[in-house]
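Dropping run-v9.txt in here (compact mmCIF, C-alpha atoms and all ligand atoms):
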# COMPACT_ATOMS: atom_id res chain seq x y z
CA MET N 22 16.71 12.57 -74.16
CA LYS N 23 13.91 10.09 -74.74
CA VAL N 24 10.62 10.51 -72.84
CA ILE N 25 8.48 7.40 -72.52
CA LEU N 26 4.88 7.87 -71.46
CA ALA N 27 3.08 5.25 -69.36
CA GLN N 28 -0.13 3.79 -70.76
CA PRO N 29 -2.59 4.28 -69.13
CA ARG N 30 -1.91 7.44 -67.14
CA GLY N 31 -3.87 10.43 -65.83
CA PHE N 32 -7.62 10.89 -65.56
CA CYS N 33 -9.72 7.87 -64.63
CA ALA N 34 -13.44 7.50 -65.34
CA GLY N 35 -14.41 8.62 -61.82
CA VAL N 36 -12.43 11.85 -62.15
CA VAL N 37 -13.78 12.59 -65.64
CA ARG N 38 -17.32 12.12 -64.32
CA ALA N 39 -16.74 14.28 -61.22
CA ILE N 40 -15.37 17.18 -63.26
CA GLU N 41 -18.15 16.81 -65.85
CA ILE N 42 -20.73 17.00 -63.05
CA VAL N 43 -19.31 20.36 -61.94
CA GLU N 44 -19.06 21.66 -65.52
CA ARG N 45 -22.64 20.67 -66.34
CA ALA N 46 -23.92 22.12 -63.06
CA LEU N 47 -22.25 25.42 -64.00
CA GLU N 48 -23.94 25.35 -67.41
CA LYS N 49 -27.35 24.37 -66.09
CA TYR N 50 -27.60 26.42 -62.91
CA GLY N 51 -24.93 29.09 -63.41
CA PRO N 52 -22.28 30.10 -60.87
CA PRO N 53 -21.68 29.90 -58.05
CA ILE N 54 -21.64 26.14 -57.66
CA TYR N 55 -20.32 24.97 -54.29
CA VAL N 56 -18.09 21.90 -54.02
CA ARG N 57 -17.34 20.23 -50.72
CA HIS N 58 -13.59 19.49 -50.63
CA GLU N 59 -11.43 19.54 -53.76
CA ILE N 60 -13.52 17.85 -56.46
CA VAL N 61 -10.42 15.79 -57.22
CA HIS N 62 -6.96 16.17 -55.71
CA ASN N 63 -5.38 18.48 -58.27
CA LYS N 64 -4.65 22.16 -57.78
CA TYR N 65 -4.72 22.94 -61.51
CA VAL N 66 -8.19 21.43 -61.89
CA VAL N 67 -9.43 23.22 -58.78
CA GLU N 68 -8.04 26.61 -59.85
CA ARG N 69 -9.57 26.32 -63.34
CA LEU N 70 -12.96 25.51 -61.86
CA LYS N 71 -12.64 28.39 -59.38
CA ALA N 72 -12.10 30.73 -62.33
CA LYS N 73 -15.42 29.52 -63.77
CA GLY N 74 -17.31 30.34 -60.59
CA VAL N 75 -16.94 27.26 -58.40
CA LYS N 76 -16.50 27.82 -54.68
CA PHE N 77 -14.72 25.10 -52.75
CA VAL N 78 -15.57 24.65 -49.07
CA GLU N 79 -14.51 22.14 -46.43
CA ASP N 80 -17.54 22.78 -44.22
CA LEU N 81 -21.14 22.80 -45.45
CA ALA N 82 -21.83 25.63 -42.96
CA ASP N 83 -20.06 27.85 -45.50
CA VAL N 84 -22.63 27.07 -48.21
CA PRO N 85 -25.68 29.36 -48.40
CA ALA N 86 -29.09 27.66 -48.00
CA ASN N 87 -30.54 26.22 -51.23
CA ALA N 88 -27.23 26.47 -53.09
CA HIS N 89 -26.21 23.76 -55.55
CA THR N 90 -23.55 21.71 -53.82
CA VAL N 91 -21.37 18.95 -55.28
CA PHE N 92 -19.91 16.18 -53.15
CA SER N 93 -16.41 15.27 -54.37
CA ALA N 94 -15.34 12.00 -56.03
CA HIS N 95 -14.03 10.72 -52.68
CA GLY N 96 -17.52 10.40 -51.14
CA VAL N 97 -18.90 11.79 -47.88
CA PRO N 98 -20.05 10.40 -44.52
CA LYS N 99 -23.78 10.06 -43.80
CA ASP N 100 -23.74 13.00 -41.37
CA VAL N 101 -22.61 15.30 -44.19
CA GLU N 102 -25.52 14.06 -46.34
CA ALA N 103 -27.88 14.71 -43.41
CA ALA N 104 -26.45 18.19 -42.79
CA ALA N 105 -26.94 19.05 -46.48
CA GLN N 106 -30.54 17.89 -46.31
CA ASP N 107 -31.20 19.85 -43.09
CA ARG N 108 -29.87 23.00 -44.75
CA GLY N 109 -31.94 22.49 -47.90
CA LEU N 110 -28.85 22.28 -50.12
CA ARG N 111 -29.39 21.00 -53.64
CA VAL N 112 -26.86 18.18 -53.78
CA LEU N 113 -25.17 16.73 -56.85
CA ASP N 114 -23.23 13.67 -55.80
CA ALA N 115 -19.95 13.16 -57.68
CA THR N 116 -18.88 10.24 -55.48
CA CYS N 117 -17.13 7.78 -57.80
CA PRO N 118 -19.38 4.74 -58.41
CA LEU N 119 -16.47 2.50 -57.39
CA VAL N 120 -16.32 4.26 -54.01
CA THR N 121 -20.09 3.80 -53.65
CA LYS N 122 -19.55 0.11 -54.39
CA VAL N 123 -17.15 -0.09 -51.42
CA HIS N 124 -19.80 1.57 -49.21
CA ASN N 125 -22.38 -0.98 -50.37
CA HIS N 126 -20.05 -3.89 -49.70
CA GLY N 127 -19.32 -2.56 -46.21
CA ARG N 128 -23.02 -2.17 -45.39
CA ARG N 129 -23.77 -5.68 -46.60
CA TYR N 130 -21.04 -7.20 -44.44
CA VAL N 131 -22.18 -5.28 -41.35
CA ALA N 132 -25.78 -6.39 -42.01
CA GLN N 133 -24.46 -9.97 -41.91
CA GLY N 134 -23.24 -9.32 -38.37
CA ARG N 135 -19.56 -9.04 -39.30
CA THR N 136 -17.05 -6.59 -37.82
CA LEU N 137 -15.85 -4.44 -40.70
CA ILE N 138 -12.15 -3.76 -41.28
CA LEU N 139 -11.25 -0.95 -43.67
CA ILE N 140 -7.79 -1.09 -45.25
CA GLY N 141 -6.78 2.49 -46.02
CA HIS N 142 -4.99 5.69 -44.99
CA ASP N 143 -6.17 7.49 -41.87
CA GLY N 144 -7.41 11.01 -42.63
CA HIS N 145 -7.96 10.46 -46.36
CA PRO N 146 -11.37 11.87 -47.34
CA GLU N 147 -12.40 8.59 -48.94
CA VAL N 148 -11.65 6.72 -45.71
CA GLU N 149 -13.59 9.29 -43.68
CA GLY N 150 -16.49 8.97 -46.13
CA THR N 151 -16.51 5.17 -46.04
CA ARG N 152 -16.30 5.05 -42.23
CA GLY N 153 -19.18 7.50 -42.03
CA GLN N 154 -21.34 5.56 -44.47
CA ILE N 155 -21.39 2.40 -42.39
CA ALA N 156 -23.62 2.08 -39.33
CA GLY N 157 -21.50 0.50 -36.61
CA PRO N 158 -17.78 0.52 -35.89
CA VAL N 159 -15.29 0.34 -38.74
CA VAL N 160 -11.78 -0.71 -37.75
CA LEU N 161 -9.05 0.97 -39.79
CA VAL N 162 -5.96 -1.03 -40.71
CA GLN N 163 -3.11 0.79 -42.45
CA THR N 164 -0.26 -1.72 -42.28
CA GLU N 165 0.40 -5.42 -41.77
CA ARG N 166 1.70 -4.51 -38.32
CA ASP N 167 -1.69 -2.99 -37.42
CA VAL N 168 -3.22 -6.45 -37.89
CA ASP N 169 -1.21 -7.76 -34.90
CA THR N 170 -2.64 -5.06 -32.64
CA LEU N 171 -6.31 -5.82 -33.37
CA THR N 172 -8.25 -6.88 -30.28
CA ILE N 173 -11.08 -8.58 -32.18
CA PRO N 174 -11.33 -12.31 -31.20
CA SER N 175 -9.73 -14.48 -33.88
CA ASP N 176 -12.91 -16.55 -34.38
CA ALA N 177 -15.21 -13.50 -34.69
CA PRO N 178 -16.94 -13.05 -38.06
CA VAL N 179 -15.14 -10.20 -39.82
CA ALA N 180 -15.00 -8.71 -43.31
CA TYR N 181 -12.71 -6.25 -45.03
CA VAL N 182 -13.03 -3.55 -47.66
CA THR N 183 -10.27 -1.38 -49.12
CA GLN N 184 -9.71 2.25 -50.05
CA THR N 185 -9.99 2.40 -53.84
CA THR N 186 -6.65 4.12 -54.42
CA LEU N 187 -4.80 1.14 -52.96
CA SER N 188 -4.32 -1.58 -55.54
CA VAL N 189 -4.52 -5.34 -55.30
CA ASP N 190 -0.73 -5.38 -54.92
CA ASP N 191 -0.81 -2.76 -52.13
CA THR N 192 -3.35 -4.64 -50.10
CA LYS N 193 -2.43 -8.27 -50.63
CA GLY N 194 0.07 -8.39 -47.74
CA ILE N 195 -2.46 -6.89 -45.32
CA ILE N 196 -5.25 -9.16 -46.57
CA ALA N 197 -3.00 -12.20 -46.18
CA ALA N 198 -2.20 -11.12 -42.59
CA LEU N 199 -5.93 -10.69 -41.87
CA GLN N 200 -6.65 -14.13 -43.30
CA ARG N 201 -4.00 -15.65 -41.03
CA ARG N 202 -5.39 -13.76 -38.02
CA PHE N 203 -9.12 -14.53 -38.49
CA SER N 204 -10.78 -17.88 -39.16
CA ASP N 205 -14.06 -16.42 -40.48
CA ILE N 206 -13.17 -13.56 -42.82
CA ILE N 207 -14.59 -12.48 -46.16
CA GLY N 208 -13.90 -9.61 -48.54
CA PRO N 209 -14.87 -8.43 -52.01
CA GLU N 210 -13.72 -10.16 -55.17
CA THR N 211 -10.43 -8.77 -56.44
CA LYS N 212 -12.24 -7.60 -59.57
CA ASP N 213 -13.96 -4.97 -57.43
CA ILE N 214 -10.70 -3.14 -56.72
CA CYS N 215 -10.44 0.06 -58.74
CA TYR N 216 -9.34 -0.78 -62.29
CA ALA N 217 -7.69 2.63 -62.75
CA THR N 218 -5.44 2.33 -59.70
CA GLN N 219 -4.36 -1.15 -60.71
CA ASN N 220 -3.74 -0.23 -64.35
CA ARG N 221 -1.70 2.92 -63.53
CA GLN N 222 0.45 1.00 -61.09
CA ALA N 223 1.05 -1.85 -63.57
CA ALA N 224 1.99 0.73 -66.22
CA VAL N 225 4.54 2.46 -63.99
CA ARG N 226 6.13 -0.91 -63.21
CA GLU N 227 6.58 -1.44 -66.96
CA LEU N 228 7.98 2.08 -67.24
CA CYS N 229 10.59 1.29 -64.57
CA LYS N 230 11.97 -1.47 -66.81
CA VAL N 231 12.94 1.02 -69.53
CA ALA N 232 13.45 4.40 -67.82
CA ASP N 233 16.37 5.83 -65.83
CA VAL N 234 14.20 8.24 -63.86
CA ILE N 235 10.45 8.36 -63.16
CA LEU N 236 8.35 11.53 -63.12
CA VAL N 237 4.81 11.37 -61.73
CA VAL N 238 2.53 14.31 -62.44
CA GLY N 239 0.15 14.70 -59.53
CA ALA N 240 -0.67 16.54 -56.34
CA GLU N 241 1.06 16.01 -53.01
CA ASN N 242 -2.29 15.15 -51.41
CA SER N 243 -3.15 12.64 -54.14
CA SER N 244 -2.91 9.17 -52.64
CA ASN N 245 -2.70 7.34 -55.96
CA SER N 246 -0.02 9.72 -57.33
CA ASN N 247 2.16 9.23 -54.25
CA ARG N 248 1.82 5.50 -54.67
CA LEU N 249 3.02 5.71 -58.28
CA ARG N 250 6.14 7.54 -57.12
CA GLU N 251 6.74 4.93 -54.40
CA ILE N 252 6.53 2.15 -56.99
CA GLY N 253 9.29 3.88 -58.94
CA GLU N 254 11.42 4.02 -55.81
CA GLU N 255 10.74 0.38 -55.02
CA ALA N 256 12.19 -0.41 -58.45
CA SER N 257 15.32 1.58 -57.42
CA LYS N 258 14.61 4.39 -59.90
CA PRO N 259 14.94 8.03 -58.79
CA SER N 260 11.27 9.05 -58.75
CA TYR N 261 9.75 12.51 -58.38
CA LEU N 262 6.19 13.68 -57.82
CA ILE N 263 5.66 17.03 -59.56
CA ALA N 264 2.68 19.33 -59.97
CA ASP N 265 3.84 20.45 -63.43
CA GLY N 266 6.94 21.19 -65.53
CA ASN N 267 7.93 24.18 -63.40
CA GLU N 268 9.13 21.83 -60.67
CA LEU N 269 11.73 20.03 -62.80
CA LYS N 270 15.31 20.28 -61.56
CA PRO N 271 18.22 19.98 -64.05
CA GLU N 272 20.27 17.78 -61.69
CA TRP N 273 17.61 15.04 -61.93
CA PHE N 274 18.59 14.47 -65.56
CA THR N 275 22.39 14.29 -65.35
CA ASP N 276 23.47 11.15 -67.28
CA VAL N 277 19.81 10.29 -67.92
CA ASP N 278 18.90 8.96 -71.38
CA VAL N 279 15.33 7.85 -70.77
CA VAL N 280 12.73 9.66 -68.67
CA GLY N 281 9.60 7.70 -67.72
CA LEU N 282 6.56 9.95 -67.38
CA THR N 283 3.18 9.14 -65.90
CA ALA N 284 0.33 10.94 -64.15
CA GLY N 285 -1.98 10.17 -61.23
CA ALA N 286 -5.69 9.58 -61.79
CA SER N 287 -6.54 13.19 -60.92
CA ALA N 288 -3.90 14.87 -63.11
CA PRO N 289 -5.01 16.20 -66.53
CA GLU N 290 -3.07 15.43 -69.72
CA VAL N 291 -2.35 19.13 -70.23
CA LEU N 292 0.07 18.93 -67.28
CA VAL N 293 1.85 15.94 -68.84
CA LYS N 294 2.29 18.02 -72.00
CA HIS N 295 3.63 20.90 -69.90
CA VAL N 296 6.25 18.59 -68.40
CA ILE N 297 7.33 17.44 -71.88
CA GLU N 298 7.64 21.03 -73.06
CA SER N 299 9.62 21.93 -69.93
CA LEU N 300 12.00 18.99 -70.49
CA ARG N 301 12.88 20.52 -73.86
CA ARG N 302 14.68 23.23 -71.85
CA PHE N 303 17.37 20.65 -71.17
CA GLY N 304 17.79 19.55 -74.79
CA PRO N 305 16.03 17.77 -77.67
CA VAL N 306 13.32 15.33 -76.57
CA ASP N 307 11.82 12.33 -78.39
CA VAL N 308 8.49 11.16 -77.03
CA GLU N 309 6.99 7.70 -77.28
CA THR N 310 4.24 5.85 -75.46
CA LEU N 311 4.65 2.45 -73.89
CA ASP N 312 2.24 -0.27 -75.01
CA GLY N 313 -0.37 -0.76 -72.33
CA ARG N 314 -3.98 -1.27 -71.52
CA VAL N 315 -6.47 1.00 -73.28
CA GLU N 316 -9.27 1.80 -70.86
CA ALA N 317 -12.89 2.04 -71.98
CA VAL N 318 -14.60 2.44 -68.60
CA GLU N 319 -17.22 5.18 -68.49
CA PHE N 320 -19.64 6.06 -65.71
CA ARG N 321 -23.08 7.60 -66.20
CA MET N 322 -24.00 11.12 -65.20
CA PRO N 323 -26.66 11.74 -62.52
CA ALA N 324 -30.15 11.88 -64.10
CA GLU N 325 -30.48 15.55 -63.14
CA LEU N 326 -27.53 16.39 -65.37
CA ALA N 327 -28.56 14.32 -68.39
CA ASP N 328 -28.12 15.99 -71.78
CA PRO N 329 -31.11 18.38 -72.05
CA LEU N 330 -31.62 17.61 -75.77
CA THR N 331 -31.16 13.85 -75.92
CA GLY N 332 -31.70 12.80 -72.29
CA SER N 333 -28.41 10.88 -72.52
CA ARG N 334 -26.50 10.29 -69.30
CA LYS N 335 -23.28 9.52 -71.13
CA ILE N 336 -20.22 11.66 -70.53
CA ARG N 337 -19.80 14.00 -73.51
CA ALA N 338 -17.13 12.93 -75.97
CA THR N 339 -16.10 16.57 -76.04
CA ALA N 340 -16.17 16.95 -72.28
CA PRO N 341 -14.16 20.08 -71.56
CA GLN N 342 -10.90 19.38 -69.76
CA PRO N 343 -10.49 22.13 -67.24
S1 LIG K 1 -9.22 6.20 -58.89
FE1 LIG K 1 -10.79 4.60 -59.17
S2 LIG K 1 -12.14 4.84 -57.40
FE2 LIG K 1 -10.92 6.72 -57.54
S3 LIG K 1 -12.17 8.12 -58.75
FE3 LIG K 1 -10.85 7.03 -60.18
S4 LIG K 1 -12.08 5.27 -60.90
FE4 LIG K 1 -13.02 6.06 -59.04
As a first step, turn the structure in this file into structure tokens.
Amino acid sequence: MKVILAQPRGFCAGVVRAIEIVERALEKYGPPIYVRHEIVHNKYVVERLKAKGVKFVEDLADVPANAHTVFSAHGVPKDVEAAAQDRGLRVLDATCPLVTKVHNHGRRYVAQGRTLILIGHDGHPEVEGTRGQIAGPVVLVQTERDVDTLTIPSDAPVAYVTQTTLSVDDTKGIIAALQRRFSDIIGPETKDICYATQNRQAAVRELCKVADVILVVGAENSSNSNRLREIGEEASKPSYLIADGNELKPEWFTDVDVVGLTAGASAPEVLVKHVIESLRRFGPVDVETLDGRVEAVEFRMPAELADPLTGSRKIRATAPQP
């Protein structure tokens, strides 16, 4: 069996930064460090951090006063920020800078007097965070069909922003429908859409051209991982979302010569390696990596967690992978 790895795959710069924030907070302040919501949507990452003394909570009421508290990469609504301040929590914000950029775009559009439309998935923490960061109503649109049900007058000034884990390709149909529906509509430049989402989706499309079956390493609650699996299905390839190699089923590989393997933006490379090792249970495996984009995006650490010796806010080259 040949295993072909997508390039790029796995951790994005926002996830690397979020995990590094928690790791450095543990080093600097010692455990326990509290994290609101899963720092990133991956059980393996969460369990490893728990073992180091991180406590994950959904509600800030469960955090003791003055405790160091990390907001996850998905971002939080304003009322959560206010509640943290009221309780005297010492906040370290791991919101991905690209999510913050969406918040800033939304605020700017609302300040211009436009009704804001958010393209995203209801209930996703990033969507809740973005809605709660904008003063004024934010109208959620999940599908092209939702556009038809909007009651906003067609000549009203409107603007749209998108959840970062939807790519340009995911959103273009909805954006086109919005542009048909409204005469005065603006939105961010395409270049502002998350590079990592776009690149991982493009890579899995390439993978579909050469693989008989697609495996996506990622969590069930990971929006971007689910989307990678859907792209495999859209290309008529049997596609499976798996947490790790333990979930492989032999019947998936009957008459399969080439397995395409990728990972969502919150899945560490160690899980990809575990899948490869587990595939060896079914027979000899050759591994190769598809040509693809090499990413060099890196976000800076918060000033409070700069390197104590050099003052550098760069992510450490030897950043520990949980
Ligand atoms: S997927 Fe994109 S927006 Fe989300 S954390 Fe990663 S870099 Fe940031």
Report task. Kindly provide, as a list in words, all nucleotide and amino acid residues lying within 7 Å of ligand LIG 1 (chain K), counting only C-alpha atoms and all ligand atoms. Result -> Cys33, Ala34, Gly35, Val36, Ala94, His95, Cys117, Pro118, Leu119, Val120, Thr185, Thr186, Cys215, Tyr216, Ala217, Thr218 and Ala286 of chain N
Requested in this report: Show which residues sit within 9 Å of Ile25 in chain N, as a list of chain:residue names. Count all atoms listed in the file, and ignore same-chain residues fewer than 3 positions away.
Outcome: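 The filter keeps N:Leu228, N:Val231, N:Ala232, N:Val279, N:Val280, N:Gly281, N:Leu282, N:Thr283, N:Asp307, N:Val308, N:Glu309, N:Thr310, N:Leu311.
Distances here use all atoms listed in the file; by that measure, the residue among N:Val123, N:Ala104, N:Val97, N:Val43 closest to Met322 in chain N is N:Val43.
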Report task. May I ask which of the residues N:Ser175, N:Thr116, N:Thr183, N:Thr151 is the closest one to Gln163 in chain N, counting only C-alpha atoms? Result -> N:Thr183
**Report entry** range 169-174 of chain N environment, 10 Å, all atoms listed in the file, sequence neighbours closer than 6 positions dropped, as an MDAnalysis selection string
**Finding:** chainID N and resid 136 160:162 198:199 202:204
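Computed from the coordinates, the CA of Val112 in chain N to CA of Ile140 in chain N distance equals 28.4 Å.
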Report task. Just give me the gap between CA of Asn63 in chain N and CA of Lys335 in chain N in Å, one decimal is fine. Result -> 23.8 Å
Requested in this report: Enter the distance from CA of Leu139 in chain N to CA of Gln184 in chain N, in Å, rounded to one decimal.
Outcome: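 About the pair CA of Leu139 in chain N and CA of Gln184 in chain N: they are 7.3 Å apart.
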Report task. Please identify all polymer residues lying at most 10 Å from the point (-28.2, 16.2, -62.8) (file coordinates), using only C-alpha atoms, and present the result as a list of chain:residue names. Result ->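 In the file's frame, the residues around the point are N:Ile42, N:Val43, N:Arg45, N:Ala46, N:Lys49, N:Val112, N:Leu113, N:Asp114, N:Met322, N:Pro323, N:Ala324, N:Glu325, N:Leu326, N:Ala327, N:Asp328, N:Pro329, N:Arg334.
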**Report entry** Close residues, Ala156 in chain N itself excluded, 12 Å, only C-alpha atoms, min 3 positions apart in chain, as a count of residues only
**Finding:** 19
Query - Contacts of Val238 in chain N within 9 Å, all atoms listed in the file, excl. fewer than 5 positions in-chain, as a VMD selection string - result: chain N and resid 31 246 261 to 266 282 to 285 288 to 289 292 to 293 296
Given 4 Å on each side, where is the centre and what are the edge lengths in Å to one decimal of the axis-aligned box enclosing the listed atoms of range 138-153 of chain N, as AutoDock Vina command-line options?
--center_x -12.1 --center_y 4.1 --center_z -45.1 --size_x 22.2 --size_y 23.6 --size_z 15.7
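Each of N:Asp167, N:Glu210, N:Glu102, N:Asp205 was compared to Val182 in chain N using only C-alpha atoms, and N:Glu210 turns out to be the nearest.
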**Report entry** Exercise: Glu79 in chain N partners within 9 Å, all atoms listed in the file, chain neighbours under 2 positions left out, as a ChimeraX atom specification
**Finding:** /N:56-59,77,81-83
Query raised in the report: Out of N:Asp278, N:Gly194, N:Arg248, N:His126, which residue has the shortest atom-to-atom distance to Ile207 in chain N when counting only C-alpha atoms?
Result: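 Among the listed residues, N:His126 lies closest to Ile207 in chain N.
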Query raised in the report: Pick the closest to Lys230 in chain N from N:Pro53, N:Ser244, N:Ala256, N:Lys71: which is it, counting only C-alpha atoms?
Result: N:Ala256
